[in-house]
Amino acid sequence: QEVSLRDSDLLRHECLIGGQWTHADDGTSIVVTNPATGAHLGTVPRMGATETRRAIEAASKALGAWRAKTAKERAALLRRWHDLMLACREDLALIMTVEQGKPLAESRAEIAYAASFIEWFAEEAKRVYGDTIPGHAADKRIVVIKQPIGVCAAITPWNFPAAMLTRKLGPALAAGCTMVIKPASQTPFSALALCVLAERAGIPAGVISCVTGSAEAIGAELTGNPIVKKVSFTGSTEIGKRLLAQCAATVKKASMELGGNAPFIVFDDADLDAAVQGAIASKYRNAGQTCVCANRFLVQDGVYDAFVEKLTSKVRALTVGNGLDDTVQIGPLIDAKAVAKVEEHVEDALAKGARVVTGGTRHDAGENFYEPTVITEARRDMKIFGEETFGPVAPVFRFHTEDEAIRLANDTEFGLASYFYGRDIGRVWRVAEALDYGIVGINEGLISTEVAPFGGVKESGLGREGSKYGIEDYLELKYLCMGGI
Ligand code: ADP
């Protein structure tokens, strides 16, 4: 046991189904390891279709009473859950750092961010307004009401083990839906700890169930079972497409938050120090493993060398190591496969003429560590241009004109986050409107907040999470036509 918690009850090795903490039916389990050290942290159940079906049935049973509560009653329970998350922030952060690898400061920040979605949607629960529409005939009246979609499912990734869950659970529960969650197998303990706190907050049995285990079997049941009315997924585009296809058979609603390939454009008139600061925050947070990470730096010719120099000196100063050490800024990547992908992208770039300015190799802190890296003379024909690297590597591409920058930025099937730095007001508007992305950071590298709509266009996804729009994804419109008046 590497992690010593104030409240050891938060670390659970069983799943929560309909208010019962349970093992897999066949008693099998999966091992969870610390990506920084390789140490075994413990096990969670290896569940499959049968246990998932039971969780769905529990969610269905809990639905009636949950949706019948007033919004204010649901809000009070959510608020209590939020408060418990903050009260247990240190323990939750420790659990996250040992299973995910990110530095403690980032884990603490994620717990606050995760809790913020519960707070936000507790407040929004009370503001699910309908509409009245002027009738189309003298004896008719039209009213539009909003109702919870019903039983929902969430499948979430390992890069933000807490926030990706609360971003779905918050609006779902606020709207009056119940939910079955399937966290990533690399990071299940964070999810289970949130379930412990939800129980303590008084959220009734079955409103949230959590199953861990075989992604394929659980995913097939969640997308195939007709009781489930909506699936919300955050993860890779490849798996998202598969789940979307599976949802088609029962015409489920789907929210998809998939991969990105974020451009980070620096124009000649940018404040370079601000751009470098934004670049560090956007690129190297979570060791480059966020779906809104800058993936491609597009820098105008006139400031290319100066930007590279300033960026490199900041990147060289980043400290790499075990996230439990408070001075560490860059932790490990999640696993060996992630490191291999980063290596492949860097090797491919070098073979095609790019140059490494700093980094470019594995880091000796451990097997899953990679040096924070800057690459120059990157070009369009490299893998690093077209694919999401998901690691601490900044490839810097050169451009000459605004049109060229926009063309390069949009030359991808993805459309989640984008960033640009420049001061000319006309250009700021032109570029902001021309970027085919769901999110644009303008002179800003950190764009995540619960108050704004997060989501992508093109193959980056469907739907929006957070903000006043986020709850709509969990509501159905019903049109009431009243005649004979
Ligand atoms: P990543 O590359 O970030 O690991 P994935 O899309 O593979 O992204 O994983 C995101 C989530 O999807 C995880 O919870 C994972 O277990 C789950 N997942 C992976 N494969 C499948 C599948 N075939 N069906 C359902 N869920 C899956």
# chains A, B, ... in the order shown; residues from 1 in each chain; ligands from 1
>>> residues_around(residues="A:Glu73", least_positions_apart="6", cutoff="12 Å", atoms="only C-alpha atoms", output="ChimeraX atom specification")
/A:65-67,79-80,122-123,125-126,173-176,202-204
>>> write_last_selection(atoms="C-alpha atoms", output="PDB file, in the first residue's frame")
ATOM      1  CA  ALA A  65     -38.422   8.359  -7.231  1.00  0.00           C
ATOM      2  CA  TRP A  66     -35.396  10.361  -8.353  1.00  0.00           C
ATOM      3  CA  ARG A  67     -37.144  12.201 -11.150  1.00  0.00           C
ATOM      4  CA  ARG A  79     -24.620  20.285  -3.095  1.00  0.00           C
ATOM      5  CA  ARG A  80     -23.846  17.985  -0.160  1.00  0.00           C
ATOM      6  CA  ALA A 122     -27.068  21.602  -8.562  1.00  0.00           C
ATOM      7  CA  GLU A 123     -27.793  25.250  -9.293  1.00  0.00           C
ATOM      8  CA  ALA A 125     -31.299  21.915 -11.784  1.00  0.00           C
ATOM      9  CA  LYS A 126     -33.676  24.634 -10.633  1.00  0.00           C
ATOM     10  CA  LEU A 173     -28.589  13.752 -11.837  1.00  0.00           C
ATOM     11  CA  ALA A 174     -29.648  17.394 -11.806  1.00  0.00           C
ATOM     12  CA  ALA A 175     -32.008  16.748 -14.712  1.00  0.00           C
ATOM     13  CA  GLY A 176     -33.569  13.774 -12.899  1.00  0.00           C
ATOM     14  CA  GLY A 202     -27.560  10.724   0.717  1.00  0.00           C
ATOM     15  CA  ILE A 203     -27.958  10.170  -3.006  1.00  0.00           C
ATOM     16  CA  PRO A 204     -30.312   7.174  -3.082  1.00  0.00           C
TER      17      PRO A 204
END
>>> residues_near_ligand(ligand="ligand 1", cutoff="8 Å", atoms="only C-alpha atoms and all ligand atoms", output="PDB file with C-alpha atoms, in the first residue's frame")
ATOM      1  CA  ILE A 155     -17.923   5.697 -20.097  1.00  0.00           C
ATOM      2  CA  THR A 156     -14.914   7.765 -19.105  1.00  0.00           C
ATOM      3  CA  PRO A 157     -11.147   7.907 -19.698  1.00  0.00           C
ATOM      4  CA  TRP A 158      -8.125   7.823 -17.416  1.00  0.00           C
ATOM      5  CA  ASN A 159      -6.700  11.296 -18.061  1.00  0.00           C
ATOM      6  CA  LYS A 182     -17.852   2.744 -16.305  1.00  0.00           C
ATOM      7  CA  PRO A 183     -14.517   4.347 -15.421  1.00  0.00           C
ATOM      8  CA  ALA A 184     -11.290   3.524 -17.243  1.00  0.00           C
ATOM      9  CA  SER A 185      -9.567   0.411 -15.928  1.00  0.00           C
ATOM     10  CA  GLY A 213     -13.956  -4.517 -15.786  1.00  0.00           C
ATOM     11  CA  SER A 214     -14.149  -5.563 -19.401  1.00  0.00           C
ATOM     12  CA  ALA A 215     -14.657  -2.394 -21.435  1.00  0.00           C
ATOM     13  CA  GLU A 216     -15.951  -4.327 -24.394  1.00  0.00           C
ATOM     14  CA  ALA A 217     -18.525  -6.399 -22.494  1.00  0.00           C
ATOM     15  CA  ILE A 218     -19.689  -3.505 -20.319  1.00  0.00           C
ATOM     16  CA  GLY A 219     -19.761  -1.135 -23.292  1.00  0.00           C
ATOM     17  CA  ALA A 220     -21.785  -3.574 -25.364  1.00  0.00           C
ATOM     18  CA  PHE A 233     -18.616   8.916 -23.689  1.00  0.00           C
ATOM     19  CA  THR A 234     -15.280  10.658 -23.332  1.00  0.00           C
ATOM     20  CA  GLY A 235     -12.312   8.916 -24.924  1.00  0.00           C
ATOM     21  CA  SER A 236     -10.720   8.117 -28.229  1.00  0.00           C
ATOM     22  CA  THR A 237     -12.391   8.811 -31.566  1.00  0.00           C
ATOM     23  CA  GLU A 238     -11.929   5.171 -32.527  1.00  0.00           C
ATOM     24  CA  ILE A 239     -13.907   3.818 -29.562  1.00  0.00           C
ATOM     25  CA  GLY A 240     -16.405   6.678 -29.777  1.00  0.00           C
ATOM     26  CA  ARG A 242     -17.754   2.159 -32.330  1.00  0.00           C
ATOM     27  CA  LEU A 243     -20.043   3.080 -29.430  1.00  0.00           C
TER      28      LEU A 243
END
>>> residues_around(residues="stretch 395-407 of chain A", least_positions_apart="3", cutoff="8 Å", atoms="only C-alpha atoms", output="list in words")
Ile265, Asn295, Arg296, Phe297, Leu298, Val299, Gln300, Asp301, Tyr304, Val308, Val374, Ile375, Thr376, Glu377, Ala378, Arg379, Ile384, Asn410, Asp411, Val431, Ala434 and Leu435 of chain A
>>> atom_distance(atom1="atom CA of A:Gly455", atom2="atom CA of A:Met96")
24.0 Å
>>> closest_residue(among="A:Thr290, A:Thr412, A:Asn368, A:Thr22", to="A:Lys383", atoms="only C-alpha atoms")
A:Thr412
>>> closest_residue(among="A:Val356, A:Met179, A:Val393, A:Ala294", to="A:Ile447", atoms="only C-alpha atoms")
A:Ala294
>>> residues_around(residues="A:Asp335", least_positions_apart="2", cutoff="7 Å", atoms="only C-alpha atoms", output="mmCIF file with N, CA and C atoms, in the first residue's frame")
data_model
loop_
_atom_site.group_PDB
_atom_site.id
_atom_site.type_symbol
_atom_site.label_atom_id
_atom_site.label_comp_id
_atom_site.auth_asym_id
_atom_site.auth_seq_id
_atom_site.Cartn_x
_atom_site.Cartn_y
_atom_site.Cartn_z
ATOM 1 N N PRO A 35 1.458 4.327 -12.367
ATOM 2 C CA PRO A 35 2.260 4.484 -13.582
ATOM 3 C C PRO A 35 3.652 5.077 -13.322
ATOM 4 N N LEU A 333 3.756 9.168 -18.168
ATOM 5 C CA LEU A 333 2.620 8.904 -19.046
ATOM 6 C C LEU A 333 1.870 7.720 -18.449
ATOM 7 N N LYS A 337 2.345 1.852 -23.630
ATOM 8 C CA LYS A 337 1.802 2.098 -24.967
ATOM 9 C C LYS A 337 1.828 3.600 -25.288
ATOM 10 N N ALA A 338 1.531 4.390 -24.284
ATOM 11 C CA ALA A 338 1.525 5.844 -24.466
ATOM 12 C C ALA A 338 2.936 6.349 -24.773
ATOM 13 N N VAL A 339 3.917 5.793 -24.077
ATOM 14 C CA VAL A 339 5.301 6.191 -24.316
ATOM 15 C C VAL A 339 5.728 5.788 -25.730
ATOM 16 N N ASN A 368 7.790 4.800 -17.628
ATOM 17 C CA ASN A 368 6.723 5.516 -18.326
ATOM 18 C C ASN A 368 6.986 7.009 -18.485
#
>>> atom_distance(atom1="atom CA of A:Ala193", atom2="atom CA of A:Tyr113")
15.8 Å
>>> residues_around(residues="A:Arg316", least_positions_apart="5", cutoff="12 Å", atoms="only C-alpha atoms", output="PDB file with N, CA and C atoms, in the first residue's frame")
ATOM      1  N   ILE A 280       2.937  26.540 -22.316  1.00  0.00           N
ATOM      2  CA  ILE A 280       3.342  25.604 -21.259  1.00  0.00           C
ATOM      3  C   ILE A 280       2.106  25.023 -20.575  1.00  0.00           C
ATOM      4  N   TYR A 284       1.806  21.127 -21.593  1.00  0.00           N
ATOM      5  CA  TYR A 284       2.496  20.215 -20.667  1.00  0.00           C
ATOM      6  C   TYR A 284       1.679  19.804 -19.447  1.00  0.00           C
ATOM      7  N   VAL A 308      10.593  29.924 -30.182  1.00  0.00           N
ATOM      8  CA  VAL A 308      11.240  28.640 -29.883  1.00  0.00           C
ATOM      9  C   VAL A 308      12.235  28.805 -28.736  1.00  0.00           C
ATOM     10  N   GLU A 309      12.968  29.897 -28.772  1.00  0.00           N
ATOM     11  CA  GLU A 309      13.983  30.108 -27.731  1.00  0.00           C
ATOM     12  C   GLU A 309      13.343  30.270 -26.357  1.00  0.00           C
ATOM     13  N   LYS A 310      12.316  31.109 -26.301  1.00  0.00           N
ATOM     14  CA  LYS A 310      11.651  31.344 -25.009  1.00  0.00           C
ATOM     15  C   LYS A 310      10.948  30.070 -24.520  1.00  0.00           C
ATOM     16  N   LEU A 311      10.307  29.375 -25.437  1.00  0.00           N
ATOM     17  CA  LEU A 311       9.601  28.144 -25.043  1.00  0.00           C
ATOM     18  C   LEU A 311      10.592  27.107 -24.518  1.00  0.00           C
ATOM     19  N   GLN A 329       6.557  18.780 -11.770  1.00  0.00           N
ATOM     20  CA  GLN A 329       5.573  19.399 -12.673  1.00  0.00           C
ATOM     21  C   GLN A 329       5.121  18.452 -13.785  1.00  0.00           C
ATOM     22  N   ILE A 330       5.958  17.470 -14.106  1.00  0.00           N
ATOM     23  CA  ILE A 330       5.617  16.517 -15.167  1.00  0.00           C
ATOM     24  C   ILE A 330       5.731  15.103 -14.606  1.00  0.00           C
ATOM     25  N   VAL A 357      15.103  20.267 -30.150  1.00  0.00           N
ATOM     26  CA  VAL A 357      15.812  21.360 -29.476  1.00  0.00           C
ATOM     27  C   VAL A 357      16.062  21.003 -28.014  1.00  0.00           C
ATOM     28  N   THR A 358      15.075  20.341 -27.419  1.00  0.00           N
ATOM     29  CA  THR A 358      15.303  19.819 -26.079  1.00  0.00           C
ATOM     30  C   THR A 358      14.464  18.556 -25.909  1.00  0.00           C
ATOM     31  N   GLY A 359      14.927  17.634 -25.082  1.00  0.00           N
ATOM     32  CA  GLY A 359      14.194  16.379 -24.857  1.00  0.00           C
ATOM     33  C   GLY A 359      14.434  15.406 -25.996  1.00  0.00           C
ATOM     34  N   GLY A 360      13.356  14.743 -26.419  1.00  0.00           N
ATOM     35  CA  GLY A 360      13.454  13.820 -27.547  1.00  0.00           C
ATOM     36  C   GLY A 360      13.747  12.382 -27.168  1.00  0.00           C
ATOM     37  N   GLU A 371      10.846  12.780 -21.647  1.00  0.00           N
ATOM     38  CA  GLU A 371      11.371  14.140 -21.464  1.00  0.00           C
ATOM     39  C   GLU A 371      10.440  15.179 -22.086  1.00  0.00           C
ATOM     40  N   PRO A 372      10.197  16.278 -21.392  1.00  0.00           N
ATOM     41  CA  PRO A 372       9.490  17.392 -22.042  1.00  0.00           C
ATOM     42  C   PRO A 372      10.316  17.831 -23.253  1.00  0.00           C
ATOM     43  N   THR A 373       9.656  17.886 -24.408  1.00  0.00           N
ATOM     44  CA  THR A 373      10.370  17.988 -25.682  1.00  0.00           C
ATOM     45  C   THR A 373       9.877  19.145 -26.531  1.00  0.00           C
ATOM     46  N   VAL A 374      10.815  19.782 -27.238  1.00  0.00           N
ATOM     47  CA  VAL A 374      10.456  20.782 -28.246  1.00  0.00           C
ATOM     48  C   VAL A 374      11.121  20.366 -29.558  1.00  0.00           C
ATOM     49  N   PRO A 392       4.288  14.880 -23.804  1.00  0.00           N
ATOM     50  CA  PRO A 392       4.888  16.200 -23.568  1.00  0.00           C
ATOM     51  C   PRO A 392       5.796  16.675 -24.711  1.00  0.00           C
TER      52      PRO A 392
END
>>> atom_distance(atom1="atom CA of A:Asp325", atom2="atom CA of A:Ala105")
9.7 Å
>>> closest_residue(among="A:Thr223, A:Arg89, A:Gly441, A:Glu124", to="A:Lys253", atoms="only C-alpha atoms")
A:Thr223
>>> residues_around(residues="A:Lys230", least_positions_apart="3", cutoff="8 Å", atoms="only C-alpha atoms", output="list of chain:residue names")
A:Ile149, A:Gly150, A:Val151, A:Cys152, A:Ala153, A:Lys252, A:Lys253, A:Ala254, A:Ser255, A:Tyr474
